[in-house]
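A short write-up of the structure that comes next.
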Protein chains: 2
Amino acid sequence: MSTRDRAVPDAGALDRLFGVLADPTRRRILETLVHAGPRTATELAGDFTITRQAVVKHLQVMADAGMVASERTGRDVRYRATTDCLATAVTWLLATGPAWDRRLARLRRS
Amino acid sequence: MSTRDRAVPDAGALDRLFGVLADPTRRRILETLVHAGPRTATELAGDFTITRQAVVKHLQVMADAGMVASERTGRDVRYRATTDCLATAVTWLLATGPAWDRRLARLRRS
DNA sequence: TCCGAGTGCAACCATCGAGTTGCACATCAG
DNA sequence: CTGATGTGCAACTCGATGGTTGCACTCGGA
């Protein structure tokens with residue numbers, strides 16, 4: 001398939017985006033990075049029973065989806081959340097839901 | 001499972017929700033049901049190169065996530081989209097994104 | 001300089017999931 | 001009644017993926 005991604009948000013971008021979000025571990029990693037600031041893979045592995053390697057794999061998938069960015073300082077690499085890409089997901093949800101504007105207004109109010 | 005809708009979306013609901021959304025075929029099915037109205041599995045199978053059985057499987061997964069509802073009339077079953085549940089996904093996205101309000105305002109304007 | 005802590009890469013395993021085929025059952029139309 | 005169309009269920013293939021272990025490499029500090 002030559003259908004890559006490009007400016008049009010659909011196809012692979014949404015796949016990767018929602019694919020990352022579909023995993024609870026990945027969501028927890030994202031939440032941790034968002035709320036507790038940048039962390040290294042080993043630090044994250046301390047919080048999540050699983051191995052550092054598994055965390056690294058998750059982070060790679062997330063990086064591929066544009067959800068995290070790695071930044072090396074010395075010998076350790078810290079990952080930070082780049083939540084801008086989540087706008088793509090929200091855009092799709094807004095385009096798909098039939099009567100979103102009212103609901104959305106309610107959500108924003110809370 | 002007794003884990004239904006709660007104020008705080010439980011992990012399983014988000015798993016199923018984003019899990020459904022992660023598949024391009026499933027997204028297209030949802031879009032079709034939203035924009036073209038209720039359809040049967042065989043009708044949907046006509047639009048999507050894949051088998052009716054595959055479509056049925058997708059629909060079952062989507063129903064399990066609360067994204068579609070089946071309604072039988074005579075011998076054929078038509079599925080309709082129930083997009084209310086997507087609010088859960090939006091809620092999580094809003095809670096996770098750090099500075100969503102401005103971005104959201106921009107999105108709503110378009 | 002040398003050791004320990006952190007990272008990267010690769011092989012490997014088990015499971016999940018998308019998709020298929022085949023067939024039995026139900027229902028509508030002639 | 002009988003055939004055609006539609007649905008439901010089950011078994012199977014096969015690739016993707018989450019997770020592991022093991023090892024080599026790099027960097028910082030005592």
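Chain identifiers are assigned as A, B, and so on, following the order in which chains appear in the structure tokens; residues are numbered from 1 within each chain, and ligands are numbered from 1 in order of appearance.
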Please report as JSON lines every residue of chain A lying within 6 Å of chain B, along with the nearest atom pair and their distance in Å (one decimal), using only C-alpha atoms.
```
{"residue": "A:Asp15", "atom": "CA", "partner": "B:Ala22", "partner_atom": "CA", "distance": 4.9}
{"residue": "A:Phe18", "atom": "CA", "partner": "B:Ala22", "partner_atom": "CA", "distance": 4.5}
{"residue": "A:Gly19", "atom": "CA", "partner": "B:Ala22", "partner_atom": "CA", "distance": 4.8}
{"residue": "A:Leu21", "atom": "CA", "partner": "B:Phe18", "partner_atom": "CA", "distance": 6.0}
{"residue": "A:Ala22", "atom": "CA", "partner": "B:Phe18", "partner_atom": "CA", "distance": 4.5}
{"residue": "A:Thr83", "atom": "CA", "partner": "B:Gly97", "partner_atom": "CA", "distance": 5.9}
{"residue": "A:Gly97", "atom": "CA", "partner": "B:Thr83", "partner_atom": "CA", "distance": 5.9}
```
Using only C-alpha atoms (C1' of nucleotides), which chain C residues lie at most 10 Å away from chain A, written as a ChimeraX atom specification? /C:5-8
Taking the DSSP secondary structure from the backbone, can you list the residues of chain B that are strand (DSSP E), as a list in words? Arg39, Thr40, Val68, Ala69, Ser70, Glu71, Arg72, Thr73, Asp76, Val77, Arg78, Tyr79, Arg80 and Ala81 of chain B
Atoms to include: C-alpha atoms. Write the selected residues as a short mmCIF file (atom, residue, chain, number, x, y, z; two decimals), in the first residue's frame.
```cif
data_model
loop_
_atom_site.label_atom_id
_atom_site.label_comp_id
_atom_site.auth_asym_id
_atom_site.auth_seq_id
_atom_site.Cartn_x
_atom_site.Cartn_y
_atom_site.Cartn_z
CA ARG B 39 -27.36 -1.47 8.02
CA THR B 40 -27.28 -5.23 8.16
CA VAL B 68 -23.43 -0.25 18.12
CA ALA B 69 -26.79 -1.82 18.94
CA SER B 70 -28.46 -4.65 17.03
CA GLU B 71 -32.13 -4.63 16.19
CA ARG B 72 -33.80 -7.61 14.60
CA THR B 73 -36.67 -7.30 12.16
CA ASP B 76 -32.32 -9.79 9.14
CA VAL B 77 -30.58 -7.81 11.86
CA ARG B 78 -29.68 -4.18 11.41
CA TYR B 79 -27.06 -2.44 13.41
CA ARG B 80 -27.16 1.21 14.33
CA ALA B 81 -24.41 3.35 15.81
#
```
Would you compute the distance between atom CA of B:Thr88 and atom CA of B:Met67? Give it in Å to one decimal.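 Spanning atom CA of B:Thr88 to atom CA of B:Met67 is a straight-line distance of 11.3 Å.
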For chain D, list the residues within 12 Å of chain B, counting only C-alpha atoms (C1' of nucleotides), and write the list as a VMD selection string. chain D and resid 5 to 10
Please list as a PyMOL selection string every residue within 12 Å of D:DT21, counting only C-alpha atoms (C1' of nucleotides) and excluding residues in the same chain fewer than 5 positions away. (chain A and resi 51-54) or (chain C and resi 10-13)
Just list as a PyMOL selection string whatever in chain B DSSP marks as helix (DSSP H, G or I). chain B and resi 11-21+24-36+41-47+52-64+83-96+100-109
Separation of atom CA of B:Asp10 and atom CA of A:Ile50, in Å?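 According to the coordinates, atom CA of B:Asp10 and atom CA of A:Ile50 are separated by 20.9 Å.
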Atomic distance atom C1' of D:DA16 - atom CA of B:Arg28, expressed in Å with one decimal: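 If I compute the distance from atom C1' of D:DA16 to atom CA of B:Arg28, I get 21.0 Å.
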